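*Asks:* final-v2.txt is the file, holding compact mmCIF, C-alpha atoms:
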```txt
# COMPACT_ATOMS: atom_id res chain seq x y z
CA MET A 59 0.00 0.00 0.00
CA SER A 60 1.30 3.48 -0.78
CA THR A 61 2.31 5.90 1.97
CA VAL A 62 -0.53 8.22 1.05
CA GLY A 63 -3.04 5.38 1.18
CA THR A 64 -1.71 4.24 4.53
CA GLU A 65 -1.83 7.77 5.95
CA ARG A 66 -5.44 8.19 4.94
CA ILE A 67 -6.58 5.43 7.26
CA GLN A 68 -4.39 6.52 10.16
CA ARG A 69 -5.54 8.87 12.88
CA ILE A 70 -3.87 10.79 15.67
CA HIS A 71 -6.07 10.81 18.75
CA ALA A 72 -6.26 13.76 21.12
CA ARG A 73 -8.38 14.33 24.21
CA TYR A 74 -9.22 17.82 25.43
CA LEU A 75 -10.83 19.31 28.50
CA ILE A 76 -13.03 22.24 27.50
CA GLU A 77 -15.15 24.80 29.32
CA THR A 78 -17.85 26.67 27.39
CA PRO A 79 -21.25 28.32 27.80
CA HIS A 80 -22.33 26.58 24.58
CA ASP A 81 -23.28 23.02 23.74
CA PRO A 82 -20.03 21.03 24.06
CA ALA A 83 -20.99 18.95 21.00
CA ALA A 84 -21.21 22.09 18.86
CA VAL A 85 -17.92 23.38 20.23
CA ALA A 86 -16.27 20.03 19.52
CA GLU A 87 -17.29 20.32 15.86
CA VAL A 88 -15.81 23.82 15.75
CA MET A 89 -12.55 22.45 17.16
CA ALA A 90 -12.41 19.63 14.62
CA GLY A 91 -13.10 21.99 11.73
CA GLU A 92 -10.73 24.72 12.87
CA GLN A 93 -7.81 22.32 13.10
CA SER A 94 -8.40 20.50 9.82
CA CYS A 95 -10.15 21.57 6.62
CA GLY A 96 -12.61 24.17 7.89
CA THR A 97 -13.20 27.48 9.55
CA PHE A 98 -16.26 28.90 11.28
CA THR A 99 -18.32 28.26 8.15
CA ARG A 100 -18.18 26.01 5.14
CA VAL A 101 -16.21 27.56 2.27
CA GLU A 102 -16.08 27.17 -1.51
CA GLY A 103 -14.24 24.00 -2.52
CA GLU A 104 -14.98 22.23 0.74
CA THR A 105 -16.74 19.31 -0.88
CA ASP A 106 -18.20 16.32 0.89
CA ALA A 107 -15.39 14.17 -0.53
CA LEU A 108 -12.75 16.54 0.78
CA ARG A 109 -14.33 16.63 4.22
CA ALA A 110 -14.54 12.84 4.33
CA ARG A 111 -10.83 12.62 3.53
CA ALA A 112 -9.35 15.51 5.49
CA ARG A 113 -11.66 16.70 8.21
CA ALA A 114 -10.89 15.84 11.81
CA THR A 115 -13.67 13.89 13.46
CA VAL A 116 -15.22 14.09 16.90
CA GLU A 117 -15.07 10.62 18.44
CA ALA A 118 -16.58 11.18 21.88
CA ILE A 119 -17.90 13.83 24.24
CA THR A 120 -18.11 13.22 27.97
CA GLU A 121 -19.81 16.02 29.86
CA LEU A 122 -18.54 16.81 33.34
CA ALA A 123 -19.85 18.89 36.23
CA PRO A 124 -20.25 22.56 35.24
CA ALA A 125 -18.37 25.49 36.77
CA SER A 126 -19.98 28.38 38.59
CA ALA A 127 -17.81 30.97 36.83
CA PRO A 128 -15.60 31.06 33.73
CA SER A 129 -12.02 29.96 34.31
CA LEU A 130 -10.52 32.38 31.77
CA PRO A 131 -11.62 35.73 30.36
CA ASN A 132 -13.12 35.77 26.87
CA ALA A 133 -13.66 39.14 25.23
CA LEU A 134 -15.90 37.72 22.49
CA LEU A 135 -18.31 36.14 24.95
CA GLU A 136 -18.23 39.27 27.09
CA ARG A 137 -19.11 41.48 24.09
CA LYS A 138 -22.04 39.23 23.32
CA GLY A 139 -23.18 39.21 26.93
CA THR A 140 -23.06 35.42 27.02
CA LYS A 141 -23.86 33.94 30.40
CA GLY A 142 -23.29 30.53 31.95
CA PRO A 143 -23.68 27.82 32.97
CA TRP A 144 -20.06 27.10 32.13
CA ARG A 145 -20.22 23.55 30.88
CA ARG A 146 -17.17 21.32 30.99
CA ALA A 147 -16.51 18.21 28.94
CA HIS A 148 -13.83 15.85 27.70
CA VAL A 149 -13.72 15.90 23.91
CA ASP A 150 -11.96 13.21 21.86
CA ILE A 151 -10.91 14.22 18.34
CA ALA A 152 -9.14 12.17 15.66
CA PHE A 153 -6.91 13.94 13.14
CA PRO A 154 -5.98 12.36 9.79
CA VAL A 155 -2.25 11.64 9.57
CA ALA A 156 -2.34 12.61 5.89
CA ASN A 157 -3.06 16.22 6.86
CA ILE A 158 0.20 16.40 8.77
CA GLY A 159 2.78 13.92 7.55
CA ALA A 160 6.03 13.38 9.43
CA ASN A 161 6.11 17.05 10.41
CA LEU A 162 6.49 17.58 14.14
CA PRO A 163 5.88 21.35 14.27
CA THR A 164 2.72 20.92 12.22
CA LEU A 165 1.59 18.09 14.47
CA ALA A 166 1.97 20.42 17.45
CA ALA A 167 0.12 23.19 15.60
CA THR A 168 -2.67 20.79 14.69
CA VAL A 169 -3.39 19.36 18.13
CA SER A 170 -2.89 22.71 19.87
CA GLY A 171 -2.50 25.86 17.80
CA ASN A 172 -5.48 28.17 17.51
CA LEU A 173 -7.62 25.98 19.74
CA TYR A 174 -6.45 27.94 22.76
CA ASP A 175 -7.84 31.14 21.25
CA LEU A 176 -11.28 29.89 20.26
CA GLY A 177 -14.04 32.37 21.09
CA GLU A 178 -16.36 29.55 22.13
CA VAL A 179 -14.36 28.47 25.16
CA THR A 180 -13.40 29.84 28.55
CA GLY A 181 -10.96 27.01 29.08
CA LEU A 182 -9.21 24.41 26.91
CA ARG A 183 -6.45 21.96 27.73
CA LEU A 184 -4.85 19.18 25.69
CA GLU A 185 -5.05 16.23 28.07
CA SER A 186 -3.63 13.30 26.10
CA LEU A 187 -2.15 12.40 22.74
CA GLN A 188 -1.75 9.02 21.02
CA VAL A 189 -0.10 8.29 17.69
CA PRO A 190 -0.26 5.10 15.58
CA ALA A 191 2.78 2.84 15.38
CA ALA A 192 3.45 3.46 11.68
CA TYR A 193 3.40 7.20 12.32
CA ARG A 194 5.70 6.97 15.34
CA ALA A 195 8.18 4.99 13.20
CA ARG A 196 8.66 8.00 10.93
CA PHE A 197 10.18 10.08 13.71
CA GLU A 198 13.38 10.05 15.71
CA MET A 199 14.04 7.47 18.41
CA PRO A 200 16.08 7.95 21.59
CA ARG A 201 19.72 7.03 21.02
CA ALA A 202 20.41 6.17 24.66
CA GLY A 203 17.17 6.06 26.60
CA ILE A 204 17.22 4.06 29.82
CA ALA A 205 19.46 1.17 28.76
CA GLY A 206 21.97 3.36 26.93
CA THR A 207 22.28 5.76 29.84
CA ARG A 208 22.94 2.88 32.20
CA SER A 209 25.50 1.43 29.82
CA ALA A 210 27.36 4.72 29.37
CA THR A 211 27.62 5.32 33.11
CA GLY A 212 28.26 1.71 34.06
CA VAL A 213 25.30 1.65 36.45
CA ALA A 214 23.65 -1.71 35.82
CA SER A 215 21.18 -1.39 38.69
CA GLY A 216 20.03 1.14 41.21
CA ALA A 217 19.05 4.75 40.72
CA LEU A 218 21.55 7.00 38.94
CA VAL A 219 22.63 9.67 41.39
CA GLY A 220 23.25 13.01 39.78
CA THR A 221 23.76 16.63 40.62
CA ILE A 222 23.55 20.11 39.13
CA LEU A 223 26.51 22.45 38.97
CA LYS A 224 26.15 25.19 41.56
CA PRO A 225 26.66 28.16 41.55
CA ASN A 226 24.49 28.22 38.44
CA VAL A 227 26.52 30.93 36.74
CA GLY A 228 29.70 32.80 37.56
CA LEU A 229 32.26 30.01 37.68
CA SER A 230 35.04 30.16 35.11
CA ALA A 231 35.83 27.20 32.88
CA SER A 232 38.67 26.12 35.17
CA GLU A 233 36.55 26.57 38.29
CA THR A 234 33.78 24.50 36.72
CA ALA A 235 36.27 21.77 35.86
CA GLU A 236 37.59 21.79 39.43
CA LEU A 237 34.06 21.39 40.78
CA VAL A 238 33.34 18.56 38.32
CA GLY A 239 36.50 16.84 39.49
CA ARG A 240 35.31 16.97 43.10
CA LEU A 241 31.90 15.65 42.10
CA CYS A 242 33.42 12.77 40.13
CA ALA A 243 35.53 11.89 43.16
CA ALA A 244 32.38 12.11 45.30
CA GLY A 245 30.89 9.25 43.31
CA VAL A 246 28.12 10.80 41.21
CA ASP A 247 26.92 9.11 38.05
CA PHE A 248 25.59 12.19 36.29
CA ILE A 249 26.30 15.94 36.29
CA LYS A 250 24.32 18.59 34.47
CA ASP A 251 24.60 22.28 33.76
CA ASP A 252 21.85 24.55 35.00
CA GLU A 253 19.36 25.72 32.37
CA VAL A 254 20.56 29.33 32.69
CA CYS A 255 24.20 28.44 32.06
CA ALA A 256 24.83 27.66 28.40
CA ASP A 257 27.57 29.68 26.71
CA PRO A 258 28.33 32.57 29.10
CA ALA A 259 31.22 34.98 28.62
CA HIS A 260 32.92 33.84 31.83
CA ALA A 261 32.83 30.14 30.86
CA PRO A 262 32.15 29.69 27.14
CA LEU A 263 31.53 26.17 25.94
CA ALA A 264 34.65 26.35 23.77
CA GLU A 265 36.67 26.56 27.00
CA ARG A 266 34.37 24.78 29.45
CA VAL A 267 33.85 21.54 27.52
CA PRO A 268 37.59 20.75 27.06
CA ALA A 269 38.37 21.70 30.65
CA VAL A 270 35.56 19.61 32.13
CA MET A 271 36.11 16.62 29.87
CA ALA A 272 39.81 16.52 30.67
CA VAL A 273 38.81 15.97 34.30
CA VAL A 274 36.15 13.41 33.37
CA ARG A 275 38.59 11.47 31.18
CA ASP A 276 41.23 11.50 33.91
CA HIS A 277 38.71 10.17 36.41
CA GLN A 278 37.67 7.44 33.98
CA GLN A 279 41.26 6.41 33.34
CA ARG A 280 41.95 6.13 37.06
CA THR A 281 38.73 4.45 38.14
CA GLY A 282 37.11 2.99 35.03
CA LYS A 283 34.00 5.08 35.77
CA HIS A 284 32.53 7.36 33.10
CA VAL A 285 30.54 10.20 34.59
CA MET A 286 27.90 11.47 32.18
CA VAL A 287 27.97 15.25 31.91
CA ALA A 288 25.01 17.01 30.29
CA PHE A 289 26.48 20.17 28.82
CA ASN A 290 23.84 22.84 28.25
CA ILE A 291 24.22 23.62 24.55
CA THR A 292 20.95 25.57 24.22
CA ASP A 293 21.47 27.97 21.33
CA GLU A 294 20.38 28.54 17.75
CA THR A 295 20.39 25.37 15.69
CA ASP A 296 23.73 25.61 13.88
CA ALA A 297 25.50 26.59 17.08
CA MET A 298 23.98 23.60 18.91
CA LYS A 299 25.37 21.31 16.23
CA ARG A 300 28.84 22.81 16.67
CA HIS A 301 28.61 22.52 20.44
CA ALA A 302 27.54 18.87 20.19
CA ASP A 303 30.47 18.13 17.88
CA LEU A 304 32.83 19.65 20.45
CA VAL A 305 31.39 17.52 23.26
CA GLU A 306 31.70 14.40 21.12
CA ARG A 307 35.31 15.19 20.16
CA GLU A 308 36.18 15.58 23.83
CA GLY A 309 34.72 12.19 24.72
CA GLY A 310 31.45 13.41 26.20
CA SER A 311 28.29 11.34 26.18
CA CYS A 312 25.44 13.82 26.73
CA VAL A 313 24.18 17.29 25.89
CA MET A 314 21.27 19.21 27.34
CA ALA A 315 18.87 21.66 25.72
CA SER A 316 15.97 23.77 26.91
CA LEU A 317 13.17 22.16 24.93
CA ASN A 318 10.61 24.95 24.94
CA TRP A 319 13.03 27.57 23.72
CA CYS A 320 14.91 25.50 21.14
CA GLY A 321 11.66 24.25 19.63
CA HIS A 322 10.65 20.99 18.01
CA SER A 323 12.55 21.67 14.79
CA GLY A 324 15.72 22.58 16.65
CA MET A 325 15.62 19.40 18.71
CA GLN A 326 14.90 17.24 15.68
CA THR A 327 17.87 18.75 13.86
CA LEU A 328 20.10 18.19 16.88
CA ARG A 329 18.91 14.58 17.26
CA ARG A 330 19.64 13.84 13.60
CA HIS A 331 23.06 15.43 13.89
CA THR A 332 24.46 13.70 16.97
CA GLY A 333 24.44 10.32 18.64
CA LEU A 334 24.95 11.84 22.08
CA ALA A 335 22.26 11.38 24.71
CA LEU A 336 19.84 14.32 24.65
CA HIS A 337 18.86 15.55 28.10
CA GLY A 338 15.55 17.36 27.66
CA HIS A 339 15.05 20.20 30.13
CA ARG A 340 11.45 21.38 30.30
CA ASN A 341 12.00 24.79 31.93
CA GLY A 342 9.03 26.99 31.09
CA TYR A 343 6.62 24.07 31.11
CA GLY A 344 4.77 25.60 34.04
CA ALA A 345 3.52 28.36 31.75
CA LEU A 346 1.91 25.65 29.63
CA SER A 347 0.54 23.49 32.41
CA ARG A 348 -0.18 25.13 35.75
CA HIS A 349 -3.69 26.34 34.98
CA PRO A 350 -6.10 23.37 35.08
CA LEU A 351 -8.17 24.74 32.19
CA LEU A 352 -5.37 25.87 29.89
CA GLY A 353 -2.35 24.46 28.14
CA ILE A 354 -1.10 20.91 27.85
CA SER A 355 -0.71 17.93 30.15
CA PHE A 356 2.67 16.29 30.55
CA GLN A 357 1.45 13.16 28.80
CA ALA A 358 0.75 15.06 25.58
CA TYR A 359 3.79 17.31 26.04
CA GLN A 360 6.24 14.43 26.35
CA VAL A 361 4.80 12.65 23.31
CA LEU A 362 5.87 15.56 21.11
CA TRP A 363 9.37 15.72 22.55
CA ARG A 364 9.85 11.98 22.39
CA LEU A 365 9.04 12.15 18.69
CA ALA A 366 11.97 14.56 18.50
CA GLY A 367 14.22 11.83 19.92
CA VAL A 368 15.12 12.95 23.44
CA ASP A 369 16.61 10.44 25.88
CA HIS A 370 15.84 12.04 29.26
CA MET A 371 12.84 14.12 30.36
CA HIS A 372 12.59 16.30 33.45
CA VAL A 373 9.58 15.55 35.66
CA HIS A 374 10.51 17.68 38.72
CA GLY A 375 10.76 15.95 42.10
CA LEU A 376 8.58 14.44 44.78
CA GLN A 377 8.25 16.59 47.88
CA GLY A 378 10.29 19.16 45.97
CA LYS A 379 10.48 22.93 45.90
CA PHE A 380 8.20 23.57 42.91
CA SER A 381 4.44 23.91 42.62
CA GLN A 382 3.50 20.56 41.08
CA PRO A 383 1.75 18.05 43.37
CA ASP A 384 3.45 14.71 43.90
CA SER A 385 0.69 12.98 41.96
CA GLU A 386 1.59 14.96 38.84
CA VAL A 387 5.29 14.15 39.22
CA THR A 388 4.46 10.46 39.59
CA GLU A 389 2.21 10.43 36.53
CA SER A 390 4.87 12.25 34.52
CA ALA A 391 7.44 9.59 35.36
CA ARG A 392 5.00 6.86 34.37
CA ASP A 393 4.45 8.63 31.06
CA CYS A 394 8.21 8.43 30.42
CA TYR A 395 8.13 4.69 31.17
CA THR A 396 5.25 4.07 28.77
CA PRO A 397 6.17 3.26 25.13
CA LEU A 398 4.38 5.54 22.69
CA THR A 399 3.16 2.44 20.85
CA ASP A 400 3.29 -1.31 21.35
CA ALA A 401 5.60 -1.72 18.36
CA VAL A 402 8.87 -0.46 19.86
CA ASP A 403 10.52 0.23 23.20
CA ASP A 404 11.10 3.98 23.07
CA ARG A 405 10.96 4.67 26.80
CA VAL A 406 12.99 7.57 28.14
CA MET A 407 14.61 8.10 31.50
CA PRO A 408 12.79 10.50 33.85
CA ALA A 409 14.97 13.06 35.61
CA PHE A 410 13.87 13.91 39.16
CA SER A 411 15.08 17.32 40.19
CA SER A 412 14.06 20.27 42.43
CA GLY A 413 14.77 20.19 46.15
CA GLN A 414 15.84 16.55 46.15
CA TRP A 415 17.97 15.03 48.92
CA ALA A 416 18.19 11.81 50.91
CA GLY A 417 14.95 12.61 52.72
CA THR A 418 12.88 12.65 49.51
CA VAL A 419 14.09 9.19 48.44
CA PRO A 420 11.45 7.14 50.31
CA ALA A 421 8.57 9.07 48.73
CA THR A 422 10.17 8.62 45.31
CA TRP A 423 10.66 4.88 45.73
CA GLN A 424 7.18 4.38 47.13
CA ALA A 425 5.57 6.32 44.27
CA ILE A 426 7.69 5.06 41.38
CA GLY A 427 8.88 1.62 42.46
CA SER A 428 11.70 1.76 39.93
CA ASP A 429 15.41 2.55 39.90
CA ASP A 430 15.30 3.58 36.24
CA LEU A 431 15.65 7.26 36.93
CA LEU A 432 18.07 10.13 37.37
CA PHE A 433 17.83 11.31 40.98
CA MET A 434 19.44 14.73 40.86
CA ALA A 435 20.27 16.69 43.98
CA GLY A 436 22.01 20.04 43.88
CA GLY A 437 22.01 21.31 47.43
CA GLY A 438 21.26 17.81 48.69
CA ILE A 439 24.79 16.85 47.64
CA LEU A 440 26.78 20.07 47.47
CA ALA A 441 25.41 21.48 50.74
CA HIS A 442 25.83 18.32 52.84
CA PRO A 443 27.72 19.46 55.96
CA ASP A 444 30.35 16.76 55.52
CA GLY A 445 30.94 17.48 51.83
CA ALA A 446 29.73 16.28 48.46
CA ALA A 447 30.94 12.70 48.89
CA ALA A 448 28.91 12.39 52.06
CA GLY A 449 25.95 13.90 50.22
CA VAL A 450 26.16 11.25 47.49
CA THR A 451 26.61 8.49 50.06
CA SER A 452 23.58 9.69 52.04
CA ILE A 453 21.41 9.42 48.94
CA ARG A 454 22.65 5.92 48.12
CA GLN A 455 22.08 4.90 51.73
CA ALA A 456 18.55 6.30 51.56
CA TRP A 457 17.85 4.32 48.37
CA SER A 458 19.08 1.09 49.93
CA ALA A 459 16.92 1.68 52.99
CA ALA A 460 13.84 2.59 50.97
CA ARG A 461 14.16 -0.48 48.75
CA ALA A 462 14.50 -2.66 51.85
CA GLY A 463 11.51 -1.03 53.55
CA VAL A 464 13.65 0.34 56.38
CA PRO A 465 12.73 3.80 57.78
CA LEU A 466 15.49 6.36 57.23
CA ALA A 467 15.75 7.19 60.91
CA GLU A 468 16.47 3.54 61.66
CA ALA A 469 18.98 3.20 58.80
CA ALA A 470 20.72 6.39 59.94
CA ARG A 471 21.67 4.87 63.30
CA GLU A 472 24.58 3.08 61.65
CA GLN A 473 25.14 5.39 58.67
CA PRO A 474 26.62 8.75 59.68
CA GLU A 475 26.28 10.36 56.25
CA LEU A 476 22.53 9.71 56.20
CA ALA A 477 22.21 10.78 59.82
CA ARG A 478 23.91 14.09 59.12
CA ALA A 479 21.71 14.69 56.07
CA LEU A 480 18.56 14.08 58.11
CA ALA A 481 19.72 16.39 60.85
CA PHE A 482 20.89 19.15 58.49
CA PHE A 483 18.22 19.21 55.79
CA GLY A 484 15.21 18.34 57.92
CA LYS A 485 12.92 15.48 58.74
CA PRO A 486 12.61 12.67 56.13
```
Could you rewrite the structure in this file as structure tokens?
*Replies:*
Amino acid sequence: MSTVGTERIQRIHARYLIETPHDPAAVAEVMAGEQSCGTFTRVEGETDALRARARATVEAITELAPASAPSLPNALLERKGTKGPWRRAHVDIAFPVANIGANLPTLAATVSGNLYDLGEVTGLRLESLQVPAAYRARFEMPRAGIAGTRSATGVASGALVGTILKPNVGLSASETAELVGRLCAAGVDFIKDDEVCADPAHAPLAERVPAVMAVVRDHQQRTGKHVMVAFNITDETDAMKRHADLVEREGGSCVMASLNWCGHSGMQTLRRHTGLALHGHRNGYGALSRHPLLGISFQAYQVLWRLAGVDHMHVHGLQGKFSQPDSEVTESARDCYTPLTDAVDDRVMPAFSSGQWAGTVPATWQAIGSDDLLFMAGGGILAHPDGAAAGVTSIRQAWSAARAGVPLAEAAREQPELARALAFFGKP
């Protein structure tokens, strides 16, 4: 069967949460038309045959309890004097693959795009996204993922303990390398740049990458341990390619990019250019997700970035310092563990970060029940009163205790590093 013929029978399935003063079924039809062949009215050339081939279709509408007031302002409804009740519903829409092709930015524009601006709604959120196996196969795959990250770092089992370079900015290239050397000696598996430190004047990548990798190589030669360093190469596309080449030449295994600001096209280009692990940092995601009636859920969000070929995805941390509830962090990690289709294992490694330390390990283990994760602690390692090595040890001790079902306070009786962490950072 031809590609075109195959595409015509394939559908991308999206679920939305909407809020509207109108009939949700009518609004759903507006959504389907707006994001496929139509507009607010039927136009010349929009034949029945064309609509049958290209129009998105409403598959289901599930009405929910209404709201007492609109969640978001809507100037159009206000001008018309439209009143409630403000009806809420889940709307399932199927989009023909043939409308989009293997075009990630257009996929994002199709399932999101102008929907957020529709005059019929006072709230709209993309809740979930599913793609067919043949469609997923046309996009990039992770090069490392969970297994490749374990292989590169030599960590066959157990959580990968990582940290973030602090201070975030201000260190010179040589100072950064000195800090990385201390962290390697402390026993970390993974080190990443902060999202605000990419190519600063005081530590440009051209100087920082060689300096850091010289330390990493020396540590590997002495101990046999390769520490994965995620250099933040966020930049315009051609510059990111050059930065990735530099990291690869110096023996690095990972680069990091700020997903929302590099864009889908930029990440696809980077994935196609390099075999390095891509550490996807989601900074800015809160602007897309924090309002319950606006934006995009992590499930749908991570589908798009996994089609771009990332290997790691940030999910924030349990009992962390950010606004997300633990339930959202847990669900986000499970999304990373879920293959996009049944045809291939394209799972990615979730990165837990934000206020993490030994005391947040039990909640993480209880919620996730898996060691296939990056457990990244900045202050939880670097601020440990007995030094970074004790910080790393305290986290490993906490993981061993959590996996064995032993309370941290009990485990700490014979483990001074854990005991000091509990006393210094707070109660577990």
*Asks:* May I have the residues within 6 Å of stretch 192-200 of chain A as a ChimeraX atom specification, using only C-alpha atoms and disregarding those fewer than 3 positions away in the same chain?
*Replies:* /A:203,365-369
*Asks:* When distances are computed from only C-alpha atoms, which of A:Gly206, A:Pro124, A:Gly228, A:Pro131 shows the smallest separation from A:Ser311?
*Replies:*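 Among the listed residues, the smallest separation from A:Ser311 belongs to A:Gly206.
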*Asks:* Would you compute the distance between atom CA of A:His277 and atom CA of A:Thr234? Give it in Å to one decimal.
*Replies:* 15.2 Å
*Asks:* Show which residues sit within 12 Å of A:Ala477, as number ranges by chain. Count only C-alpha atoms, and ignore same-chain residues fewer than 2 positions away.
*Replies:* A: 416-417, 442-444, 448-449, 451-453, 455-456, 465-475, 479-486
*Asks:* Quick one, how far is atom CA of A:Thr396 from atom CA of A:Arg73?
*Replies:*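 Rounded to one decimal, the two atoms are 17.7 Å apart.
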*Asks:* Provide stretch 378-394 of chain A rebuilt to N, CA and C atoms, formatted as a JSON list (two decimals), in the coordinates of the input.
*Replies:*
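Written out: part.json:
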```
[["chain", "number", "residue", "atom", "x", "y", "z"],
["A", 378, "GLY", "N", 9.28, 18.20, 46.37],
["A", 378, "GLY", "CA", 10.29, 19.16, 45.97],
["A", 378, "GLY", "C", 9.90, 20.60, 46.24],
["A", 379, "LYS", "N", 10.63, 21.50, 45.61],
["A", 379, "LYS", "CA", 10.48, 22.93, 45.90],
["A", 379, "LYS", "C", 9.56, 23.65, 44.91],
["A", 380, "PHE", "N", 9.04, 22.94, 43.90],
["A", 380, "PHE", "CA", 8.20, 23.57, 42.91],
["A", 380, "PHE", "C", 6.72, 23.33, 43.20],
["A", 381, "SER", "N", 5.87, 23.85, 42.33],
["A", 381, "SER", "CA", 4.44, 23.91, 42.62],
["A", 381, "SER", "C", 3.68, 22.63, 42.31],
["A", 382, "GLN", "N", 4.24, 21.74, 41.52],
["A", 382, "GLN", "CA", 3.50, 20.56, 41.08],
["A", 382, "GLN", "C", 3.22, 19.61, 42.25],
["A", 383, "PRO", "N", 2.02, 19.05, 42.34],
["A", 383, "PRO", "CA", 1.75, 18.05, 43.37],
["A", 383, "PRO", "C", 2.51, 16.76, 43.06],
["A", 384, "ASP", "N", 2.74, 15.96, 44.09],
["A", 384, "ASP", "CA", 3.45, 14.71, 43.90],
["A", 384, "ASP", "C", 2.75, 13.79, 42.90],
["A", 385, "SER", "N", 1.42, 13.84, 42.88],
["A", 385, "SER", "CA", 0.69, 12.98, 41.96],
["A", 385, "SER", "C", 1.03, 13.31, 40.51],
["A", 386, "GLU", "N", 1.23, 14.58, 40.21],
["A", 386, "GLU", "CA", 1.59, 14.96, 38.84],
["A", 386, "GLU", "C", 3.00, 14.50, 38.49],
["A", 387, "VAL", "N", 3.92, 14.62, 39.45],
["A", 387, "VAL", "CA", 5.29, 14.15, 39.22],
["A", 387, "VAL", "C", 5.29, 12.64, 38.95],
["A", 388, "THR", "N", 4.53, 11.91, 39.75],
["A", 388, "THR", "CA", 4.46, 10.46, 39.59],
["A", 388, "THR", "C", 3.89, 10.08, 38.23],
["A", 389, "GLU", "N", 2.80, 10.71, 37.83],
["A", 389, "GLU", "CA", 2.21, 10.43, 36.53],
["A", 389, "GLU", "C", 3.16, 10.78, 35.40],
["A", 390, "SER", "N", 3.91, 11.85, 35.55],
["A", 390, "SER", "CA", 4.87, 12.25, 34.52],
["A", 390, "SER", "C", 5.95, 11.19, 34.34],
["A", 391, "ALA", "N", 6.44, 10.66, 35.45],
["A", 391, "ALA", "CA", 7.44, 9.59, 35.36],
["A", 391, "ALA", "C", 6.86, 8.37, 34.68],
["A", 392, "ARG", "N", 5.63, 8.02, 35.00],
["A", 392, "ARG", "CA", 5.00, 6.86, 34.37],
["A", 392, "ARG", "C", 4.81, 7.09, 32.87],
["A", 393, "ASP", "N", 4.54, 8.32, 32.49],
["A", 393, "ASP", "CA", 4.45, 8.63, 31.06],
["A", 393, "ASP", "C", 5.78, 8.34, 30.36],
["A", 394, "CYS", "N", 6.89, 8.69, 31.01],
["A", 394, "CYS", "CA", 8.21, 8.43, 30.42],
["A", 394, "CYS", "C", 8.48, 6.94, 30.28]]
```
